[in-house]
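One structure is given here, and the rest of the page talks about it.
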Amino acid sequence: MAGSTAASSAITLPHDVGSFHLSSCKKKMIATFGCSWRQYSSPRLTISFSSQPHTQPITEDGEKTEANSSILVSVVSSISAIQAEDWDRCAIDSSGTDSLNPFLLHAFLSSLEDSGSATAERGWSPQHLVARDENGGVLGVVPLYLKSHSYGEYVFDHSWANAYHHFGRSYYPKLQSCVPFTPVTGPRILLRNGPLKEDVDNGILRCMKELAHQFKVSSLHVTFPTEEEWKKMGDLGFLQRIGIQYHWLNQGYERFDDYLMALKQSKRKTIRQERKKVQAQGLSLKRLRGDDIKAHHWDAFYQFYRNTTDNKWGQAYLNREFFHLLGSRMGDRILLIMAEDQQEPVAGALNVIGGDTLFGRLWGCHPRTYFPNLHFETCYYQAIEAAIEWGLKKVEAGAQGEHKIQRGYMPTTTYSAHYFPDVMFKHAVQQFLKQESSQVHFTKELLTFSGPFKEQNIVQ
């Protein structure tokens, strides 16, 4: 994690409501949208469009008819206003069971809110979108926040905020669609499968843009969406940005040594030496999951986490309660790697288990201990071993850290999309992103070329 701070003031808005309408028949379905947002102090705003030409449908009896149904999009100020089952069905349908992104689950997002880590008081005012049919069934949801700062996002726009200030306007508040404090790629428009999935997707995206105008914010940001979403948002007028993370890919390895044999000899030797040094220090490493993770483990890990944040960033995003809630609600998806010295915990790494990916999230150690190479062992090599044993396709090691490359974590492109209602400022940011994108592409190519794999095994 990089940088954190608490917001100086909370942002409070009414529960705004939007709607769009769908017309359907037995043989053919036509969707017509009218997205309207109402704010107590603002006039009613409406946009409308149709996903198909307006031809009057014909039934099997040869008669022209239309059956109307309406879809309501609303904003809720807490994820608790949405049933966990409804939210999770959208998340699972969007990412797929085999590639489930656990950070999109209701349990993770509600743990952030219920613990007070992602709330209006912390500069993260939930404004989640919910699309329902006329019977109240949930068709789609969007994790969305009104923010009073730019911390905990990992797509850095502080320079934009400064420029906007010099432009004579306030950059905050802004709208942000993301998973707080979690730089993990995944769908952001979470949709149920069905014949109207694409139409609901289009309607929600257009309503998000209209909401930015209605709230009179400087901007709307969608960070770490899928590449498919990123491309679609670009077509709808969002500016497109790319970044780099470091991921380890499982090339069908059966053992850790199989992975090592894919590396250049010098890199393979270094990793083996690092692991031997950890073993020589008499440390024991435990992989804890589910009920094996006790309250005292979370208390110890929180101490480690705070040691990291206090030394590097000055303030923690997450509090002790978050970790306990996470353990109780998602214990089966947690891999907590704990290092012990004479049965006393001295360091730990928190991983979250997805459908086909192990996500490395947080690391920390006891403030009065230092064990050389323990960070590499606990965060990287233990994660790789676990992924191989469980047949997972990938390990994502979080944001930043070019040192990960020499340990097999290769540069991977990440995406974000940004909408600016102000046309002049949008143009200025667009010029900046053109230059930045060329630099990112060049950097990724250079880092990939300098990777640790044998030439025939280079992973891109």
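Lettering and numbering for the structure tokens are positional, with chains as A, B, ... in the shown order, residues counted from 1 in each chain, and ligands counted from 1 in the shown order.
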
### Task
List every residue of segment 140-213 of chain A that DSSP, applied to the backbone of this structure, places in alpha helix (DSSP H), and write the result as a PyMOL selection string.
chain A and resi 158-166+197-213

### Task
Select, from A:Leu175, A:Val155, A:Ala84, A:Ala347, the residue with the minimum atom-to-atom distance to Ala107 of chain A, counting only C-alpha atoms.
A:Ala84

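Closest to Trp124 of chain A among A:Phe224, A:Trp230, A:Tyr317, A:Tyr259 is A:Tyr317, based on only C-alpha atoms.
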
### Query
Can you list, as an MDAnalysis selection string, every protein, DNA or RNA residue that comes within 12 Å of Asp292 of chain A when you count only C-alpha atoms, leaving out same-chain residues fewer than 4 positions away?
chainID A and resid 286:288 296:298 327:328 331:332 334:338

Please build the interface table for segment 60-162 of chain A against segment 206-213 of chain A with a cut-off of 12 Å, listing for each qualifying residue the nearest atom pair and the distance in Å to one decimal; count only C-alpha atoms, order rows by chain and increasing number, and write it as JSON lines.
{"residue": "A:Leu72", "atom": "CA", "partner": "A:Cys207", "partner_atom": "CA", "distance": 11.0}
{"residue": "A:Val73", "atom": "CA", "partner": "A:Cys207", "partner_atom": "CA", "distance": 8.3}
{"residue": "A:Ser74", "atom": "CA", "partner": "A:Cys207", "partner_atom": "CA", "distance": 10.1}
{"residue": "A:Val75", "atom": "CA", "partner": "A:Leu211", "partner_atom": "CA", "distance": 9.9}
{"residue": "A:Gln127", "atom": "CA", "partner": "A:Leu211", "partner_atom": "CA", "distance": 10.4}
{"residue": "A:His128", "atom": "CA", "partner": "A:Met208", "partner_atom": "CA", "distance": 10.5}
{"residue": "A:Leu129", "atom": "CA", "partner": "A:Met208", "partner_atom": "CA", "distance": 8.6}
{"residue": "A:Val130", "atom": "CA", "partner": "A:Cys207", "partner_atom": "CA", "distance": 11.2}
{"residue": "A:Ala131", "atom": "CA", "partner": "A:Cys207", "partner_atom": "CA", "distance": 10.7}
{"residue": "A:Val141", "atom": "CA", "partner": "A:Met208", "partner_atom": "CA", "distance": 11.6}
{"residue": "A:Val142", "atom": "CA", "partner": "A:Met208", "partner_atom": "CA", "distance": 9.5}
{"residue": "A:Pro143", "atom": "CA", "partner": "A:Met208", "partner_atom": "CA", "distance": 11.4}
{"residue": "A:Leu144", "atom": "CA", "partner": "A:Met208", "partner_atom": "CA", "distance": 9.5}
{"residue": "A:Tyr145", "atom": "CA", "partner": "A:Ala212", "partner_atom": "CA", "distance": 11.5}
{"residue": "A:Leu146", "atom": "CA", "partner": "A:Ala212", "partner_atom": "CA", "distance": 10.0}

### Query
Of the candidates A:Arg255, A:His247, A:His166, A:Arg188, which shows the shortest atom-to-atom distance to Pro225 of chain A, using only C-alpha atoms?
A:Arg188

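If you look at atom CA of Ala118 of chain A and atom CA of Pro180 of chain A, they are 6.9 Å away from each other.
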
Could you give me, as a PDB file with all heavy atoms, in the first residue's frame, each residue of segment 168-252 of chain A that DSSP assigns to strand (DSSP E or B) when run on this structure's backbone?
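Dumped to result.pdb:
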ATOM      1  N   LYS A 174     -14.975  13.746  -5.785  1.00  0.00           N
ATOM      2  CA  LYS A 174     -14.979  13.062  -7.063  1.00  0.00           C
ATOM      3  C   LYS A 174     -15.640  11.702  -6.869  1.00  0.00           C
ATOM      4  O   LYS A 174     -15.746  11.199  -5.749  1.00  0.00           O
ATOM      5  CB  LYS A 174     -13.557  12.882  -7.597  1.00  0.00           C
ATOM      6  CG  LYS A 174     -12.692  11.992  -6.709  1.00  0.00           C
ATOM      7  CD  LYS A 174     -11.316  11.752  -7.309  1.00  0.00           C
ATOM      8  CE  LYS A 174     -10.507  10.777  -6.451  1.00  0.00           C
ATOM      9  NZ  LYS A 174      -9.216  10.428  -7.047  1.00  0.00           N
ATOM     10  N   LEU A 175     -16.117  11.098  -7.950  1.00  0.00           N
ATOM     11  CA  LEU A 175     -16.716   9.765  -7.895  1.00  0.00           C
ATOM     12  C   LEU A 175     -15.671   8.724  -8.262  1.00  0.00           C
ATOM     13  O   LEU A 175     -14.885   8.925  -9.198  1.00  0.00           O
ATOM     14  CB  LEU A 175     -17.910   9.673  -8.845  1.00  0.00           C
ATOM     15  CG  LEU A 175     -19.212  10.337  -8.367  1.00  0.00           C
ATOM     16  CD1 LEU A 175     -20.212  10.425  -9.514  1.00  0.00           C
ATOM     17  CD2 LEU A 175     -19.809   9.588  -7.186  1.00  0.00           C
ATOM     18  N   GLN A 176     -15.677   7.625  -7.549  1.00  0.00           N
ATOM     19  CA  GLN A 176     -14.682   6.569  -7.756  1.00  0.00           C
ATOM     20  C   GLN A 176     -15.350   5.207  -7.703  1.00  0.00           C
ATOM     21  O   GLN A 176     -15.946   4.830  -6.697  1.00  0.00           O
ATOM     22  CB  GLN A 176     -13.616   6.653  -6.661  1.00  0.00           C
ATOM     23  CG  GLN A 176     -12.448   5.718  -6.849  1.00  0.00           C
ATOM     24  CD  GLN A 176     -11.307   6.360  -7.619  1.00  0.00           C
ATOM     25  OE1 GLN A 176     -11.235   7.577  -7.732  1.00  0.00           O
ATOM     26  NE2 GLN A 176     -10.417   5.546  -8.135  1.00  0.00           N
ATOM     27  N   SER A 177     -15.254   4.457  -8.800  1.00  0.00           N
ATOM     28  CA  SER A 177     -15.727   3.072  -8.825  1.00  0.00           C
ATOM     29  C   SER A 177     -14.514   2.169  -8.677  1.00  0.00           C
ATOM     30  O   SER A 177     -13.650   2.128  -9.553  1.00  0.00           O
ATOM     31  CB  SER A 177     -16.463   2.751 -10.121  1.00  0.00           C
ATOM     32  OG  SER A 177     -16.845   1.384 -10.150  1.00  0.00           O
ATOM     33  N   LEU A 190     -21.141  -4.889 -12.245  1.00  0.00           N
ATOM     34  CA  LEU A 190     -21.431  -6.283 -11.911  1.00  0.00           C
ATOM     35  C   LEU A 190     -22.856  -6.605 -12.348  1.00  0.00           C
ATOM     36  O   LEU A 190     -23.814  -6.025 -11.831  1.00  0.00           O
ATOM     37  CB  LEU A 190     -21.259  -6.518 -10.406  1.00  0.00           C
ATOM     38  CG  LEU A 190     -19.942  -6.010  -9.802  1.00  0.00           C
ATOM     39  CD1 LEU A 190     -19.886  -6.327  -8.318  1.00  0.00           C
ATOM     40  CD2 LEU A 190     -18.740  -6.594 -10.529  1.00  0.00           C
ATOM     41  N   LEU A 191     -23.000  -7.532 -13.289  1.00  0.00           N
ATOM     42  CA  LEU A 191     -24.281  -7.769 -13.946  1.00  0.00           C
ATOM     43  C   LEU A 191     -24.708  -9.221 -13.867  1.00  0.00           C
ATOM     44  O   LEU A 191     -23.877 -10.128 -13.986  1.00  0.00           O
ATOM     45  CB  LEU A 191     -24.191  -7.367 -15.423  1.00  0.00           C
ATOM     46  CG  LEU A 191     -23.777  -5.916 -15.710  1.00  0.00           C
ATOM     47  CD1 LEU A 191     -23.385  -5.765 -17.161  1.00  0.00           C
ATOM     48  CD2 LEU A 191     -24.899  -4.964 -15.353  1.00  0.00           C
ATOM     49  N   LEU A 220     -15.202  11.414 -12.701  1.00  0.00           N
ATOM     50  CA  LEU A 220     -15.628  10.056 -12.371  1.00  0.00           C
ATOM     51  C   LEU A 220     -14.504   9.121 -12.792  1.00  0.00           C
ATOM     52  O   LEU A 220     -14.053   9.156 -13.940  1.00  0.00           O
ATOM     53  CB  LEU A 220     -16.920   9.707 -13.121  1.00  0.00           C
ATOM     54  CG  LEU A 220     -17.303   8.233 -13.240  1.00  0.00           C
ATOM     55  CD1 LEU A 220     -17.614   7.641 -11.872  1.00  0.00           C
ATOM     56  CD2 LEU A 220     -18.502   8.069 -14.175  1.00  0.00           C
ATOM     57  N   HIS A 221     -14.052   8.262 -11.879  1.00  0.00           N
ATOM     58  CA  HIS A 221     -12.916   7.387 -12.139  1.00  0.00           C
ATOM     59  C   HIS A 221     -13.316   5.933 -11.915  1.00  0.00           C
ATOM     60  O   HIS A 221     -13.958   5.604 -10.917  1.00  0.00           O
ATOM     61  CB  HIS A 221     -11.745   7.736 -11.215  1.00  0.00           C
ATOM     62  CG  HIS A 221     -11.377   9.191 -11.250  1.00  0.00           C
ATOM     63  ND1 HIS A 221     -10.391   9.689 -12.068  1.00  0.00           N
ATOM     64  CD2 HIS A 221     -11.893  10.256 -10.580  1.00  0.00           C
ATOM     65  CE1 HIS A 221     -10.304  11.007 -11.897  1.00  0.00           C
ATOM     66  NE2 HIS A 221     -11.212  11.369 -11.002  1.00  0.00           N
ATOM     67  N   VAL A 222     -12.920   5.082 -12.830  1.00  0.00           N
ATOM     68  CA  VAL A 222     -13.146   3.639 -12.711  1.00  0.00           C
ATOM     69  C   VAL A 222     -11.769   2.988 -12.755  1.00  0.00           C
ATOM     70  O   VAL A 222     -11.125   2.960 -13.802  1.00  0.00           O
ATOM     71  CB  VAL A 222     -14.046   3.105 -13.832  1.00  0.00           C
ATOM     72  CG1 VAL A 222     -14.335   1.625 -13.618  1.00  0.00           C
ATOM     73  CG2 VAL A 222     -15.355   3.893 -13.897  1.00  0.00           C
ATOM     74  N   THR A 223     -11.317   2.493 -11.618  1.00  0.00           N
ATOM     75  CA  THR A 223      -9.949   1.991 -11.532  1.00  0.00           C
ATOM     76  C   THR A 223      -9.907   0.474 -11.440  1.00  0.00           C
ATOM     77  O   THR A 223     -10.711  -0.140 -10.747  1.00  0.00           O
ATOM     78  CB  THR A 223      -9.232   2.607 -10.321  1.00  0.00           C
ATOM     79  OG1 THR A 223     -10.082   2.565  -9.171  1.00  0.00           O
ATOM     80  CG2 THR A 223      -8.888   4.060 -10.597  1.00  0.00           C
ATOM     81  N   LEU A 239     -11.565   8.851 -20.670  1.00  0.00           N
ATOM     82  CA  LEU A 239     -10.152   8.806 -21.006  1.00  0.00           C
ATOM     83  C   LEU A 239      -9.577   7.490 -20.490  1.00  0.00           C
ATOM     84  O   LEU A 239      -9.945   7.014 -19.416  1.00  0.00           O
ATOM     85  CB  LEU A 239      -9.415   9.983 -20.375  1.00  0.00           C
ATOM     86  CG  LEU A 239      -9.857  11.375 -20.831  1.00  0.00           C
ATOM     87  CD1 LEU A 239      -8.991  12.442 -20.171  1.00  0.00           C
ATOM     88  CD2 LEU A 239      -9.808  11.510 -22.346  1.00  0.00           C
ATOM     89  N   GLN A 240      -8.659   6.923 -21.247  1.00  0.00           N
ATOM     90  CA  GLN A 240      -8.104   5.615 -20.917  1.00  0.00           C
ATOM     91  C   GLN A 240      -6.672   5.747 -20.416  1.00  0.00           C
ATOM     92  O   GLN A 240      -5.861   6.443 -21.022  1.00  0.00           O
ATOM     93  CB  GLN A 240      -8.159   4.693 -22.136  1.00  0.00           C
ATOM     94  CG  GLN A 240      -9.575   4.371 -22.587  1.00  0.00           C
ATOM     95  CD  GLN A 240      -9.602   3.616 -23.901  1.00  0.00           C
ATOM     96  OE1 GLN A 240      -9.117   4.099 -24.914  1.00  0.00           O
ATOM     97  NE2 GLN A 240     -10.156   2.412 -23.882  1.00  0.00           N
ATOM     98  N   ARG A 241      -6.401   5.033 -19.323  1.00  0.00           N
ATOM     99  CA  ARG A 241      -5.070   5.071 -18.725  1.00  0.00           C
ATOM    100  C   ARG A 241      -4.602   3.642 -18.466  1.00  0.00           C
ATOM    101  O   ARG A 241      -5.425   2.754 -18.220  1.00  0.00           O
ATOM    102  CB  ARG A 241      -5.117   5.842 -17.397  1.00  0.00           C
ATOM    103  CG  ARG A 241      -3.753   6.220 -16.832  1.00  0.00           C
ATOM    104  CD  ARG A 241      -3.896   7.030 -15.553  1.00  0.00           C
ATOM    105  NE  ARG A 241      -2.620   7.620 -15.149  1.00  0.00           N
ATOM    106  CZ  ARG A 241      -2.442   8.323 -14.040  1.00  0.00           C
ATOM    107  NH1 ARG A 241      -3.460   8.534 -13.203  1.00  0.00           N
ATOM    108  NH2 ARG A 241      -1.251   8.834 -13.753  1.00  0.00           N
ATOM    109  N   ILE A 242      -3.298   3.435 -18.528  1.00  0.00           N
ATOM    110  CA  ILE A 242      -2.744   2.113 -18.249  1.00  0.00           C
ATOM    111  C   ILE A 242      -1.658   2.225 -17.193  1.00  0.00           C
ATOM    112  O   ILE A 242      -1.101   3.303 -16.958  1.00  0.00           O
ATOM    113  CB  ILE A 242      -2.167   1.437 -19.517  1.00  0.00           C
ATOM    114  CG1 ILE A 242      -1.090   2.307 -20.154  1.00  0.00           C
ATOM    115  CG2 ILE A 242      -3.272   1.112 -20.506  1.00  0.00           C
ATOM    116  CD1 ILE A 242      -0.370   1.637 -21.320  1.00  0.00           C
ATOM    117  N   GLY A 243      -1.384   1.109 -16.541  1.00  0.00           N
ATOM    118  CA  GLY A 243      -0.332   1.039 -15.537  1.00  0.00           C
ATOM    119  C   GLY A 243       0.316  -0.332 -15.575  1.00  0.00           C
ATOM    120  O   GLY A 243       0.028  -1.146 -16.457  1.00  0.00           O
ATOM    121  N   ILE A 244       1.172  -0.605 -14.606  1.00  0.00           N
ATOM    122  CA  ILE A 244       1.895  -1.878 -14.558  1.00  0.00           C
ATOM    123  C   ILE A 244       1.810  -2.472 -13.155  1.00  0.00           C
ATOM    124  O   ILE A 244       1.980  -1.764 -12.158  1.00  0.00           O
ATOM    125  CB  ILE A 244       3.379  -1.699 -14.943  1.00  0.00           C
ATOM    126  CG1 ILE A 244       3.511  -1.278 -16.407  1.00  0.00           C
ATOM    127  CG2 ILE A 244       4.168  -2.988 -14.710  1.00  0.00           C
ATOM    128  CD1 ILE A 244       4.945  -0.998 -16.831  1.00  0.00           C
ATOM    129  N   GLN A 245       1.524  -3.762 -13.105  1.00  0.00           N
ATOM    130  CA  GLN A 245       1.663  -4.565 -11.898  1.00  0.00           C
ATOM    131  C   GLN A 245       2.546  -5.765 -12.222  1.00  0.00           C
ATOM    132  O   GLN A 245       2.943  -5.963 -13.372  1.00  0.00           O
ATOM    133  CB  GLN A 245       0.297  -5.050 -11.408  1.00  0.00           C
ATOM    134  CG  GLN A 245      -0.503  -4.024 -10.649  1.00  0.00           C
ATOM    135  CD  GLN A 245      -1.754  -4.621 -10.032  1.00  0.00           C
ATOM    136  OE1 GLN A 245      -2.096  -5.773 -10.279  1.00  0.00           O
ATOM    137  NE2 GLN A 245      -2.456  -3.833  -9.235  1.00  0.00           N
ATOM    138  N   TYR A 246       2.799  -6.585 -11.181  1.00  0.00           N
ATOM    139  CA  TYR A 246       3.683  -7.733 -11.358  1.00  0.00           C
ATOM    140  C   TYR A 246       2.966  -9.003 -10.909  1.00  0.00           C
ATOM    141  O   TYR A 246       2.594  -9.133  -9.746  1.00  0.00           O
ATOM    142  CB  TYR A 246       4.983  -7.508 -10.579  1.00  0.00           C
ATOM    143  CG  TYR A 246       5.659  -6.219 -11.007  1.00  0.00           C
ATOM    144  CD1 TYR A 246       5.425  -5.033 -10.318  1.00  0.00           C
ATOM    145  CD2 TYR A 246       6.469  -6.184 -12.141  1.00  0.00           C
ATOM    146  CE1 TYR A 246       5.992  -3.850 -10.734  1.00  0.00           C
ATOM    147  CE2 TYR A 246       7.049  -5.007 -12.555  1.00  0.00           C
ATOM    148  CZ  TYR A 246       6.811  -3.835 -11.858  1.00  0.00           C
ATOM    149  OH  TYR A 246       7.376  -2.656 -12.284  1.00  0.00           O
ATOM    150  N   HIS A 247       2.768  -9.920 -11.864  1.00  0.00           N
ATOM    151  CA  HIS A 247       2.029 -11.150 -11.608  1.00  0.00           C
ATOM    152  C   HIS A 247       2.891 -12.371 -11.936  1.00  0.00           C
ATOM    153  O   HIS A 247       3.675 -12.350 -12.892  1.00  0.00           O
ATOM    154  CB  HIS A 247       0.753 -11.205 -12.464  1.00  0.00           C
ATOM    155  CG  HIS A 247      -0.205 -10.091 -12.196  1.00  0.00           C
ATOM    156  ND1 HIS A 247      -1.305  -9.853 -12.992  1.00  0.00           N
ATOM    157  CD2 HIS A 247      -0.236  -9.150 -11.210  1.00  0.00           C
ATOM    158  CE1 HIS A 247      -1.966  -8.809 -12.515  1.00  0.00           C
ATOM    159  NE2 HIS A 247      -1.333  -8.360 -11.446  1.00  0.00           N
ATOM    160  N   TRP A 248       2.701 -13.413 -11.173  1.00  0.00           N
ATOM    161  CA  TRP A 248       3.355 -14.693 -11.441  1.00  0.00           C
ATOM    162  C   TRP A 248       2.350 -15.609 -12.112  1.00  0.00           C
ATOM    163  O   TRP A 248       1.218 -15.772 -11.639  1.00  0.00           O
ATOM    164  CB  TRP A 248       3.852 -15.313 -10.141  1.00  0.00           C
ATOM    165  CG  TRP A 248       4.517 -16.654 -10.313  1.00  0.00           C
ATOM    166  CD1 TRP A 248       5.831 -16.887 -10.583  1.00  0.00           C
ATOM    167  CD2 TRP A 248       3.893 -17.945 -10.223  1.00  0.00           C
ATOM    168  NE1 TRP A 248       6.068 -18.236 -10.670  1.00  0.00           N
ATOM    169  CE2 TRP A 248       4.895 -18.912 -10.456  1.00  0.00           C
ATOM    170  CE3 TRP A 248       2.583 -18.369  -9.975  1.00  0.00           C
ATOM    171  CZ2 TRP A 248       4.629 -20.278 -10.449  1.00  0.00           C
ATOM    172  CZ3 TRP A 248       2.310 -19.727  -9.973  1.00  0.00           C
ATOM    173  CH2 TRP A 248       3.330 -20.670 -10.206  1.00  0.00           C
ATOM    174  N   LEU A 249       2.758 -16.229 -13.221  1.00  0.00           N
ATOM    175  CA  LEU A 249       1.877 -17.115 -13.978  1.00  0.00           C
ATOM    176  C   LEU A 249       2.339 -18.562 -13.840  1.00  0.00           C
ATOM    177  O   LEU A 249       3.523 -18.865 -14.003  1.00  0.00           O
ATOM    178  CB  LEU A 249       1.840 -16.721 -15.451  1.00  0.00           C
ATOM    179  CG  LEU A 249       1.353 -15.301 -15.760  1.00  0.00           C
ATOM    180  CD1 LEU A 249       1.334 -15.067 -17.271  1.00  0.00           C
ATOM    181  CD2 LEU A 249      -0.020 -15.054 -15.154  1.00  0.00           C
TER     182      LEU A 249
END
